[in-house]
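Novice: Got a file for you: coords-v3.txt, compact mmCIF, C-alpha atoms.
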```txt
# COMPACT_ATOMS: atom_id res chain seq x y z
CA MET A 1 -10.98 -7.15 -11.26
CA ASN A 2 -12.71 -4.75 -13.66
CA ASP A 3 -10.81 -4.87 -16.97
CA ASP A 4 -11.73 -1.24 -17.69
CA ALA A 5 -9.69 -0.21 -14.66
CA LEU A 6 -6.58 -2.04 -15.83
CA LYS A 7 -4.82 0.37 -18.16
CA MET A 8 -1.53 -0.46 -19.79
CA THR A 9 1.55 1.37 -18.60
CA THR A 10 5.02 1.88 -20.03
CA PRO A 11 7.15 -1.29 -19.85
CA SER A 12 10.03 0.48 -18.10
CA LYS A 13 7.78 1.75 -15.34
CA ILE A 14 6.17 -1.61 -14.70
CA LYS A 15 9.60 -3.28 -14.67
CA ILE A 16 10.70 -0.97 -11.86
CA LEU A 17 7.53 -1.79 -9.91
CA ILE A 18 8.02 -5.53 -10.43
CA SER A 19 11.63 -5.26 -9.27
CA SER A 20 10.51 -3.45 -6.11
CA LEU A 21 7.71 -5.87 -5.29
CA LYS A 22 10.09 -8.82 -5.77
CA HIS A 23 11.31 -8.08 -2.23
CA LEU A 24 7.93 -9.29 -0.98
CA GLU A 25 7.63 -12.35 -3.24
CA ALA A 26 8.78 -14.90 -0.68
CA THR A 27 6.12 -13.76 1.78
CA LEU A 28 3.45 -13.56 -0.92
CA ASN A 29 4.22 -17.12 -1.99
CA ARG A 30 3.54 -18.43 1.51
CA CYS A 31 -0.16 -17.63 1.10
CA THR A 32 -2.11 -20.82 0.25
CA ARG A 33 -5.34 -18.86 -0.54
CA CYS A 34 -7.08 -20.94 2.15
CA GLY A 35 -9.61 -18.19 2.82
CA MET A 36 -9.27 -18.11 6.61
CA CYS A 37 -8.73 -14.36 6.35
CA MET A 38 -12.12 -13.91 4.67
CA ALA A 39 -14.06 -14.90 7.77
CA ALA A 40 -12.17 -12.37 9.89
CA CYS A 41 -12.13 -9.40 7.49
CA PRO A 42 -14.64 -6.68 8.47
CA LEU A 43 -14.40 -5.15 5.00
CA TYR A 44 -15.23 -8.42 3.22
CA LYS A 45 -18.19 -8.96 5.56
CA THR A 46 -19.56 -5.65 4.30
CA THR A 47 -18.76 -5.72 0.58
CA GLY A 48 -18.43 -9.42 -0.26
CA ARG A 49 -15.66 -8.60 -2.75
CA GLU A 50 -12.79 -11.04 -3.14
CA THR A 51 -10.34 -8.19 -3.79
CA ASP A 52 -11.22 -6.74 -0.39
CA THR A 53 -9.80 -9.79 1.39
CA ALA A 54 -6.16 -10.29 2.34
CA ARG A 55 -5.79 -13.25 -0.05
CA GLY A 56 -7.35 -11.19 -2.84
CA LYS A 57 -4.84 -8.39 -2.36
CA ILE A 58 -1.97 -10.87 -2.17
CA ALA A 59 -3.17 -12.37 -5.48
CA LEU A 60 -3.16 -8.91 -7.06
CA LEU A 61 0.40 -8.20 -5.93
CA SER A 62 1.52 -11.61 -7.17
CA GLY A 63 -0.19 -10.85 -10.48
CA ILE A 64 1.95 -7.74 -10.93
CA ILE A 65 5.16 -9.62 -10.09
CA HIS A 66 4.44 -12.41 -12.57
CA GLY A 67 3.31 -10.10 -15.35
CA ILE A 68 -0.33 -11.24 -15.29
CA LEU A 69 -1.46 -7.72 -14.40
CA THR A 70 0.12 -4.60 -15.82
CA ASP A 71 -1.75 -1.77 -14.12
CA GLY A 72 -0.02 -0.70 -10.93
CA GLN A 73 -2.55 2.12 -10.48
CA GLY A 74 -5.50 -0.28 -10.44
CA VAL A 75 -3.75 -2.66 -8.05
CA SER A 76 -2.82 0.27 -5.83
CA GLN A 77 -6.43 1.36 -5.59
CA ARG A 78 -7.52 -2.10 -4.55
CA THR A 79 -4.73 -2.72 -2.05
CA GLY A 80 -5.58 0.69 -0.60
CA ARG A 81 -9.00 -0.63 0.40
CA CYS A 82 -7.86 -2.06 3.73
CA LEU A 83 -8.52 -1.05 7.33
CA LEU A 84 -5.11 -2.42 8.41
CA CYS A 85 -6.89 -3.79 11.48
CA GLY A 86 -4.82 -6.99 11.60
CA SER A 87 -7.80 -9.34 11.93
CA CYS A 88 -6.53 -11.43 9.02
CA ALA A 89 -3.13 -11.95 10.65
CA LEU A 90 -4.72 -13.59 13.69
CA LYS A 91 -6.47 -16.16 11.50
CA CYS A 92 -3.67 -16.92 9.02
CA PRO A 93 -2.39 -20.51 9.47
CA ARG A 94 0.88 -19.55 7.72
CA GLU A 95 1.44 -16.66 10.18
CA ILE A 96 1.52 -14.07 7.41
CA ARG A 97 0.84 -10.51 8.54
CA PRO A 98 -0.99 -9.20 5.47
CA HIS A 99 -1.61 -5.71 6.88
CA GLU A 100 2.14 -5.15 7.33
CA LEU A 101 2.78 -6.67 3.91
CA LEU A 102 0.35 -4.17 2.37
CA ILE A 103 2.04 -1.26 4.12
CA GLN A 104 5.33 -2.25 2.50
CA ALA A 105 3.67 -2.77 -0.88
CA ARG A 106 2.01 0.64 -0.75
CA ALA A 107 5.40 2.30 -0.53
CA PHE A 108 6.49 0.62 -3.78
CA LEU A 109 3.16 1.34 -5.46
CA ALA A 110 3.31 5.01 -4.44
CA GLU A 111 6.72 5.31 -6.09
CA TYR A 112 5.14 3.89 -9.23
CA HIS A 113 2.04 6.13 -9.50
CA GLY A 114 3.06 9.06 -7.27
CA LEU A 115 1.17 10.83 -4.52
CA SER A 116 -1.92 12.91 -5.17
CA LEU A 117 -1.71 16.68 -4.80
CA PHE A 118 -3.74 16.45 -1.58
CA GLU A 119 -1.36 13.84 -0.15
CA LYS A 120 1.69 15.90 -1.07
CA ILE A 121 0.27 18.93 0.71
CA LEU A 122 -0.95 16.99 3.73
CA PHE A 123 2.14 14.86 4.31
CA ARG A 124 5.09 16.75 2.85
CA ARG A 125 3.96 20.30 3.58
CA LEU A 126 2.12 19.81 6.88
CA LEU A 127 2.49 16.55 8.83
CA SER A 128 6.23 16.18 8.22
CA HIS A 129 6.76 19.69 9.68
CA PRO A 130 5.37 19.48 13.25
CA SER A 131 5.75 23.18 14.08
CA ARG A 132 4.03 24.16 10.82
CA PHE A 133 1.26 21.62 11.47
CA ASP A 134 0.73 23.09 14.94
CA ALA A 135 0.47 26.61 13.54
CA ILE A 136 -1.96 25.63 10.76
CA SER A 137 -4.09 23.66 13.22
CA SER A 138 -4.27 26.66 15.54
CA LEU A 139 -5.40 28.91 12.70
CA GLY A 140 -7.92 26.29 11.61
CA GLU A 141 -9.42 26.07 15.09
CA LYS A 142 -9.78 29.84 15.33
CA GLY A 143 -11.42 29.97 11.89
CA LEU A 144 -13.91 27.24 12.78
CA HIS A 145 -14.64 28.90 16.10
CA PHE A 146 -15.43 32.15 14.30
CA PHE A 147 -17.68 30.69 11.60
CA LEU A 148 -19.44 27.92 13.50
CA ASN A 149 -21.88 28.17 16.36
CA ARG A 150 -20.51 25.32 18.40
CA SER A 151 -22.32 23.86 21.38
CA GLY A 152 -19.36 22.91 23.54
CA GLN A 153 -15.80 21.81 22.92
CA GLY A 154 -16.54 18.16 22.33
CA SER A 155 -19.50 18.56 19.98
CA ILE A 156 -19.75 16.79 16.63
CA ARG A 157 -20.53 19.05 13.68
CA GLU A 158 -22.27 18.06 10.45
CA LEU A 159 -20.78 19.19 7.16
CA PRO A 160 -22.96 20.62 4.37
CA ALA A 161 -24.91 18.22 2.13
CA ILE A 162 -22.28 18.39 -0.62
CA PHE A 163 -19.99 16.37 1.71
CA SER A 164 -22.48 13.45 1.75
CA GLY A 165 -23.59 14.00 5.30
CA ARG A 166 -20.16 13.59 6.86
CA CYS A 167 -19.40 14.88 10.34
CA PHE A 168 -16.28 16.22 11.97
CA LYS A 169 -15.04 16.79 15.48
CA PRO A 170 -13.82 20.37 16.02
CA LEU A 171 -10.23 20.96 17.03
CA ALA A 172 -9.76 21.66 20.71
CA PRO A 173 -9.59 25.39 21.61
CA LYS A 174 -6.24 24.69 23.25
CA PRO A 175 -4.13 21.72 22.08
CA PHE A 176 -2.37 19.58 24.64
CA HIS A 177 1.08 20.93 23.81
CA GLU A 178 -0.14 24.41 24.81
CA TRP A 179 -1.24 23.09 28.19
CA ILE A 180 2.25 21.62 28.58
CA LYS A 181 3.90 24.93 27.72
CA GLU A 182 1.79 26.64 30.37
CA GLY A 183 2.90 24.13 32.99
CA ALA A 184 -0.44 22.38 33.47
CA CYS A 185 1.23 18.96 33.50
CA GLN A 186 4.42 19.42 35.47
CA THR A 187 5.77 18.06 38.72
CA PRO A 188 4.68 20.40 41.52
CA PRO A 189 7.43 22.86 42.53
CA GLY A 190 9.44 21.67 45.51
CA ASP A 191 8.71 17.98 44.92
CA GLN A 192 12.26 16.64 44.88
CA ARG A 193 11.40 13.05 45.77
CA GLU A 194 13.08 10.36 43.70
CA LYS A 195 10.49 8.70 41.48
CA PRO A 196 10.51 4.98 40.61
CA LEU A 197 10.17 5.63 36.87
CA LYS A 198 10.87 8.42 34.42
CA VAL A 199 8.20 8.25 31.73
CA ALA A 200 7.94 10.16 28.47
CA PHE A 201 4.49 10.70 26.99
CA PHE A 202 4.21 10.39 23.19
CA THR A 203 1.10 12.44 22.55
CA GLY A 204 0.01 11.70 18.99
CA CYS A 205 -1.96 14.03 16.71
CA LEU A 206 -5.50 13.23 17.82
CA ILE A 207 -4.82 13.63 21.53
CA ASP A 208 -2.84 16.80 20.99
CA LYS A 209 -5.25 18.49 18.56
CA ILE A 210 -8.69 17.06 19.38
CA TYR A 211 -8.67 15.21 22.72
CA PRO A 212 -6.32 17.07 25.10
CA GLU A 213 -8.49 15.82 27.97
CA ILE A 214 -7.05 12.35 27.35
CA GLY A 215 -3.55 13.76 27.78
CA MET A 216 -4.60 15.36 31.07
CA ALA A 217 -6.05 12.04 32.22
CA VAL A 218 -2.82 10.18 31.35
CA TYR A 219 -0.86 12.68 33.40
CA ARG A 220 -3.19 12.30 36.42
CA VAL A 221 -3.16 8.50 36.26
CA LEU A 222 0.64 8.34 36.21
CA THR A 223 1.38 11.08 38.75
CA HIS A 224 -1.16 9.57 41.14
CA ALA A 225 1.10 6.51 41.13
CA ASP A 226 4.09 8.77 41.90
CA ILE A 227 5.58 8.49 38.41
CA ASP A 228 7.81 11.21 36.97
CA VAL A 229 6.10 12.16 33.68
CA GLU A 230 7.50 14.37 30.95
CA THR A 231 5.78 15.37 27.71
CA PRO A 232 8.55 16.57 25.37
CA LEU A 233 7.60 19.56 23.28
CA HIS A 234 7.76 19.82 19.46
CA GLN A 235 6.26 16.38 18.91
CA GLY A 236 4.44 15.54 15.70
CA CYS A 237 2.74 12.67 13.91
CA CYS A 238 4.02 9.11 14.46
CA GLY A 239 4.16 8.70 10.68
CA MET A 240 1.40 6.13 10.26
CA PRO A 241 -0.86 8.24 7.97
CA ALA A 242 2.03 9.03 5.61
CA LEU A 243 3.17 5.41 5.63
CA THR A 244 -0.27 4.02 4.80
CA ALA A 245 -0.30 6.35 1.78
CA GLY A 246 3.12 5.03 0.74
CA ASP A 247 4.95 8.29 1.46
CA LEU A 248 8.27 6.96 2.76
CA LEU A 249 9.92 10.37 2.52
CA SER A 250 7.55 12.00 5.03
CA PHE A 251 7.53 8.88 7.21
CA THR A 252 11.33 8.81 7.41
CA LYS A 253 11.47 12.50 8.22
CA LEU A 254 9.01 12.07 11.10
CA VAL A 255 10.86 9.06 12.50
CA GLN A 256 14.15 10.96 12.50
CA HIS A 257 12.45 14.00 14.08
CA HIS A 258 11.16 11.94 17.01
CA LEU A 259 14.37 9.99 17.47
CA LYS A 260 16.11 13.29 18.24
CA ILE A 261 13.44 14.15 20.82
CA PHE A 262 13.16 10.82 22.60
CA SER A 263 16.81 9.77 22.36
CA SER A 264 18.04 12.98 23.98
CA GLN A 265 16.79 12.02 27.45
CA GLU A 266 17.19 8.89 29.55
CA TYR A 267 13.59 7.74 29.84
CA ASP A 268 12.75 4.42 31.44
CA VAL A 269 9.51 4.09 29.49
CA ILE A 270 7.79 5.85 26.60
CA VAL A 271 4.00 5.60 26.65
CA SER A 272 1.20 6.62 24.33
CA ALA A 273 -2.56 6.58 24.81
CA CYS A 274 -2.98 5.94 21.08
CA PRO A 275 -2.33 2.27 20.21
CA THR A 276 -1.80 3.16 16.55
CA CYS A 277 1.16 5.32 17.57
CA VAL A 278 2.52 2.46 19.67
CA VAL A 279 2.20 0.03 16.74
CA ALA A 280 3.98 2.52 14.50
CA ILE A 281 6.89 3.01 16.91
CA LYS A 282 7.29 -0.60 18.00
CA HIS A 283 6.65 -2.43 14.75
CA LEU A 284 6.64 -0.13 11.74
CA TRP A 285 9.59 2.11 12.55
CA PRO A 286 11.99 -0.89 12.71
CA MET A 287 10.35 -2.67 9.76
CA MET A 288 10.37 0.28 7.36
CA MET A 289 13.76 1.68 8.44
CA GLU A 290 15.76 -1.52 8.09
CA ASN A 291 17.98 0.09 5.43
CA ALA A 292 18.82 3.11 7.61
CA SER A 293 22.30 3.76 8.98
CA PRO A 294 23.47 1.63 11.92
CA SER A 295 23.19 4.59 14.30
CA VAL A 296 19.58 5.32 13.28
CA LYS A 297 18.65 1.66 13.54
CA GLU A 298 20.17 1.51 17.02
CA SER A 299 18.21 4.58 18.12
CA ILE A 300 15.02 3.00 16.77
CA ARG A 301 15.79 -0.23 18.62
CA ILE A 302 16.20 1.64 21.91
CA VAL A 303 13.14 3.88 21.50
CA SER A 304 10.84 1.12 20.23
CA GLY A 305 12.03 -1.20 22.99
CA LYS A 306 10.99 1.31 25.66
CA THR A 307 7.61 2.09 24.13
CA MET A 308 4.36 0.63 25.45
CA ASP A 309 0.67 1.42 25.49
CA ILE A 310 -0.60 3.36 28.50
CA HIS A 311 -2.93 0.48 29.47
CA GLN A 312 0.06 -1.79 29.98
CA LEU A 313 1.86 0.62 32.29
CA ALA A 314 -1.28 1.69 34.18
CA TYR A 315 -2.18 -1.94 34.80
CA GLU A 316 1.25 -2.68 36.25
CA LEU A 317 0.96 0.37 38.49
CA TYR A 318 -2.55 -0.37 39.78
CA LYS A 319 -3.02 -4.15 39.50
CA LYS A 320 -2.61 -4.64 43.25
CA THR A 321 -4.98 -1.81 44.12
CA PRO A 322 -8.23 -3.12 45.62
CA PHE A 323 -11.39 -1.65 44.13
CA SER A 324 -15.02 -1.59 45.20
CA GLU A 325 -18.07 -3.13 43.58
CA PRO A 326 -20.12 -0.75 41.40
CA ILE A 327 -22.33 1.62 43.36
CA PRO A 328 -26.12 1.00 43.12
CA ASP A 329 -26.70 3.72 40.51
CA ALA A 330 -23.49 3.09 38.56
CA THR A 331 -23.53 4.04 34.90
CA PRO A 332 -23.83 1.00 32.61
CA VAL A 333 -20.74 1.07 30.37
CA THR A 334 -19.38 -1.22 27.71
CA TYR A 335 -15.94 -1.62 26.22
CA HIS A 336 -14.74 -1.40 22.62
CA ALA A 337 -11.37 -3.10 22.07
CA PRO A 338 -9.38 -1.17 19.45
CA CYS A 339 -7.89 -3.37 16.73
CA HIS A 340 -4.34 -2.09 17.14
CA LEU A 341 -4.54 -2.45 20.92
CA LYS A 342 -5.79 -6.03 21.08
CA LYS A 343 -4.86 -7.58 17.74
CA SER A 344 -1.48 -5.94 17.15
CA LEU A 345 -0.26 -5.32 20.71
CA GLY A 346 -2.06 -8.17 22.49
CA VAL A 347 -3.44 -5.86 25.20
CA ASP A 348 -6.77 -7.32 26.30
CA ARG A 349 -7.37 -7.86 30.02
CA GLU A 350 -5.66 -4.66 31.16
CA PRO A 351 -8.36 -2.21 29.93
CA LEU A 352 -11.14 -4.30 31.49
CA PHE A 353 -9.38 -4.27 34.86
CA LEU A 354 -8.80 -0.52 34.69
CA ILE A 355 -12.42 0.22 33.78
CA GLN A 356 -13.66 -1.79 36.76
CA MET A 357 -11.46 0.23 39.11
CA ASN A 358 -14.11 2.95 38.88
CA PRO A 359 -17.15 1.97 41.01
CA MET A 360 -19.24 4.62 39.24
CA ASN A 361 -19.22 2.36 36.17
CA ARG A 362 -20.91 -1.02 35.79
CA LEU A 363 -19.18 -2.89 32.99
CA ILE A 364 -21.29 -4.83 30.49
CA ALA A 365 -19.03 -6.77 28.15
CA PRO A 366 -20.39 -7.23 24.62
CA ASP A 367 -19.94 -10.51 22.75
CA ASP A 368 -17.74 -8.90 20.10
CA ALA A 369 -15.78 -6.21 21.93
CA ASP A 370 -12.91 -6.59 19.47
CA ALA A 371 -15.00 -6.24 16.29
CA CYS A 372 -13.54 -3.45 14.16
CA CYS A 373 -15.35 -0.12 14.38
CA GLY A 374 -14.55 0.62 10.73
CA PHE A 375 -12.44 3.76 11.12
CA GLY A 376 -9.08 2.66 9.71
CA GLY A 377 -7.48 6.13 9.61
CA THR A 378 -7.39 7.39 6.04
CA PHE A 379 -9.79 4.57 5.08
CA HIS A 380 -12.50 6.56 6.85
CA LEU A 381 -11.78 9.55 4.62
CA LYS A 382 -11.45 7.70 1.31
CA HIS A 383 -14.22 5.14 1.82
CA HIS A 384 -16.55 6.89 4.23
CA ASP A 385 -19.74 5.03 3.28
CA VAL A 386 -18.16 1.61 3.76
CA SER A 387 -16.53 2.81 6.98
CA MET A 388 -19.94 3.80 8.33
CA GLN A 389 -21.50 0.49 7.26
CA ILE A 390 -18.86 -1.43 9.21
CA GLY A 391 -19.37 0.93 12.13
CA MET A 392 -23.11 0.31 12.18
CA ARG A 393 -22.51 -3.33 13.13
CA LYS A 394 -20.43 -2.13 16.06
CA ARG A 395 -23.16 0.38 17.01
CA GLU A 396 -25.84 -2.33 16.99
CA SER A 397 -23.71 -4.51 19.24
CA ILE A 398 -23.25 -1.63 21.68
CA LEU A 399 -26.97 -0.81 21.70
CA LYS A 400 -27.78 -4.41 22.68
CA THR A 401 -25.82 -3.97 25.92
CA GLY A 402 -27.98 -1.04 27.04
CA ALA A 403 -24.84 0.88 27.95
CA LYS A 404 -24.95 4.66 28.31
CA LYS A 405 -21.21 5.05 27.90
CA VAL A 406 -18.55 3.37 25.76
CA VAL A 407 -15.00 3.17 27.06
CA THR A 408 -12.22 2.54 24.58
CA GLY A 409 -8.46 2.97 24.42
CA CYS A 410 -8.07 4.62 21.03
CA PRO A 411 -8.81 8.25 20.07
CA ALA A 412 -9.43 7.23 16.43
CA CYS A 413 -12.09 4.73 17.52
CA MET A 414 -13.60 7.50 19.65
CA LEU A 415 -13.99 9.68 16.55
CA GLN A 416 -15.78 6.89 14.70
CA LEU A 417 -18.10 5.97 17.56
CA GLU A 418 -18.99 9.59 18.30
CA GLU A 419 -19.94 10.17 14.66
CA LEU A 420 -22.06 7.01 14.59
CA PHE A 421 -23.90 7.94 17.78
CA HIS A 422 -24.36 11.54 16.65
CA LYS A 423 -25.84 10.56 13.29
CA ASN A 424 -28.27 8.15 14.91
CA LYS A 425 -29.12 10.46 17.83
CA ASP A 426 -27.98 7.87 20.38
CA GLN A 427 -27.59 9.21 23.90
CA ILE A 428 -24.31 7.38 24.45
CA SER A 429 -21.07 9.08 25.46
CA VAL A 430 -17.58 7.90 24.52
CA VAL A 431 -14.51 8.24 26.74
CA HIS A 432 -10.95 6.97 26.81
CA THR A 433 -10.00 4.36 29.40
CA MET A 434 -7.64 6.82 31.07
CA GLU A 435 -10.51 9.26 31.55
CA ALA A 436 -12.52 6.55 33.32
CA VAL A 437 -9.57 5.74 35.59
CA SER A 438 -8.74 9.39 36.22
CA GLU A 439 -12.34 10.15 37.20
CA ASN A 440 -12.12 7.59 39.98
CA LEU A 441 -8.71 8.76 41.20
CA SER A 442 -9.83 12.39 41.34
CA LYS A 443 -12.72 11.41 43.62
CA GLY A 444 -10.59 9.18 45.79
```
For the structure just supplied, provide its representation as structure tokens.

Specialist:
Amino acid sequence: MNDDALKMTTPSKIKILISSLKHLEATLNRCTRCGMCMAACPLYKTTGRETDTARGKIALLSGIIHGILTDGQGVSQRTGRCLLCGSCALKCPREIRPHELLIQARAFLAEYHGLSLFEKILFRRLLSHPSRFDAISSLGEKGLHFFLNRSGQGSIRELPAIFSGRCFKPLAPKPFHEWIKEGACQTPPGDQREKPLKVAFFTGCLIDKIYPEIGMAVYRVLTHADIDVETPLHQGCCGMPALTAGDLLSFTKLVQHHLKIFSSQEYDVIVSACPTCVVAIKHLWPMMMENASPSVKESIRIVSGKTMDIHQLAYELYKKTPFSEPIPDATPVTYHAPCHLKKSLGVDREPLFLIQMNPMNRLIAPDDADACCGFGGTFHLKHHDVSMQIGMRKRESILKTGAKKVVTGCPACMLQLEELFHKNKDQISVVHTMEAVSENLSKG
């Protein structure tokens, strides 16, 4: 660690931080520093820095606890350099889950050094107020539409040079929740048949604001299987962005907001087409709310227990459906396995089956389908250059397949891949798995 970055802090402040981190000491002490995590870490493969590995970050946290290090700010910056992809957890012989450990540590570190002004505005003024976030997003889309000459809804736009060549995906002209309000995804009038399942769709920010077409595809895939689907209104963020920044206040507020929405109805299943949202609901809500009241913890247990990724449900609905071989001029497609989908949720074979249901696609499986694309949520914003370097390895792997389309199950991965292809002028499209399935069902 660079000594210049380690500035002394007031003893009382560091004592509070040490006391907080003590809760994690038992888990930290289980790490033997064997280095198995190094071989799996996509960040370490790019930078070669010890502090970018899971064991390096664990050593930093242990250093704070034992008084070896006294700069919580410096440690916070280094522990913040993590994609939270979970690759290290799969390789750890002691079954430590470093990415979840870091999420907990970030909450303590954020209490120590505070949130930045940008984070306070983003999380506490916007994301933690879903209706306000919807309104601001709508105004933002209209402003961009007025000032930019966009070539289609799904186009990638390049920011001015002062933003270091970054790109962004414009907000959708009409978010998914507006389509719901207008009745675009409702059971046809007069259909009073009893359905086998009542499913609630947890939309997530990216699908609602940027990729509403994924939401439409989810609806078509489920209703084609005669499932009763509801998309409750007034949804917001799952809380993952706030949590990764250490903002427990905003995270807690969002959890409580969604518990009211999804506990008010008797749903058999709650699905999301964003695996990060599923990980948040199933794993992080219970983990980070363990000190909540018994009633809140019970609501979380019920909601998280019903939640699953859309690939899991779609596979169960269609696994007995026979499908044809690819047509002669089928589009060569490849698959990118999102980290949260495969590594955190263990969903692997289901997407491959669903992709092959569509005979218009010829699947070419790459050798490293589950290699991280480098997005990592806020990591992409804070460490854009490194994010793109990691992504370039994924791009090269995809190019070797000769595929003209990439299918993946995560809207965040879609953002990363689309930016990579746009910057390199690759003629490769990116779609969600549900879009590939829906395309086949609509032609059937």

Novice: Near segment 256-260 of chain A, counting all atoms listed in the file, which residues have an atom at most 10 Å away, once you skip same-chain residues fewer than 6 positions from it, shown as a PyMOL selection string?

Specialist: chain A and resi 128-130+202+232+234-239+281+285+296+299-300+302-304

Novice: Using all atoms listed in the file, what does the table of segment 235-266 of chain A residues within 12 Å of segment 220-230 of chain A look like, with each row giving the shortest atom pair and its distance in Å to one decimal, sorted by chain and ascending number, as CSV?

Specialist:
```
residue,atom,partner,partner_atom,distance
A:Ile261,CA,A:Glu230,CA,11.7
A:Phe262,CA,A:Glu230,CA,10.7
A:Gln265,CA,A:Glu230,CA,10.2
A:Glu266,CA,A:Glu230,CA,11.2
```

Novice: Nearest to Thr276 of chain A: which of A:Ala403, A:Val75, A:Leu17, A:Met308 is it, counting all atoms listed in the file?

Specialist: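 Closest to Thr276 of chain A, using all atoms listed in the file: A:Met308.
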
Novice: Report as a PyMOL selection string all protein, DNA and RNA residues lying within 10 Å of Cys34 of chain A, evaluated on all atoms listed in the file, omitting residues in the same chain fewer than 2 positions from it.

Specialist: chain A and resi 31-32+36-38+55+92-94

Novice: Go ahead and compute the interatomic distance for atom CA of Thr79 of chain A and atom CA of Ala412 of chain A, in Å to one decimal.

Specialist: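 According to the coordinates, atom CA of Thr79 of chain A and atom CA of Ala412 of chain A are separated by 21.5 Å.
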
Novice: For Leu90 of chain A, list every protein, DNA or RNA residue within 10 Å, evaluated using all atoms listed in the file, and leave out those in the same chain fewer than 6 positions away; present the list as a list in words.

Specialist: Met36, Cys37, Ala40, Ile96, Arg97, Lys343 and Ser344 of chain A

Novice: Pick out the residues sitting within 7 Å of segment 352-359 of chain A, and hand them over as JSON, numbers by chain; count all atoms listed in the file, and ignore anything fewer than 2 positions along from it in its own chain.

Specialist: {"A": [315, 323, 324, 325, 326, 327, 330, 349, 350, 361, 363, 433, 436, 437, 440]}

Novice: Quote the spacing between atom CA of Ala292 of chain A and atom CA of Leu84 of chain A in Å to one decimal place.

Specialist: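 Distance between the two atoms: 24.6 Å.
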
Novice: Counting all atoms listed in the file, which of A:Leu101, A:Lys282, A:Arg78, A:Phe123 gets nearest to Lys253 of chain A?

Specialist: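 For Lys253 of chain A, the nearest of the given residues is A:Phe123.
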
Novice: Work out how far apart atom CA of Asp368 of chain A and atom CA of Cys88 of chain A are and give it in Å to one decimal.

Specialist: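 Distance reported for this atom pair: 16.0 Å.
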
Novice: Considering all atoms listed in the file, can you say which of A:Met434, A:Leu206, A:Arg362, A:Pro338 comes closest to Lys394 of chain A?

Specialist: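 Smallest separation from Lys394 of chain A among the options: A:Pro338.
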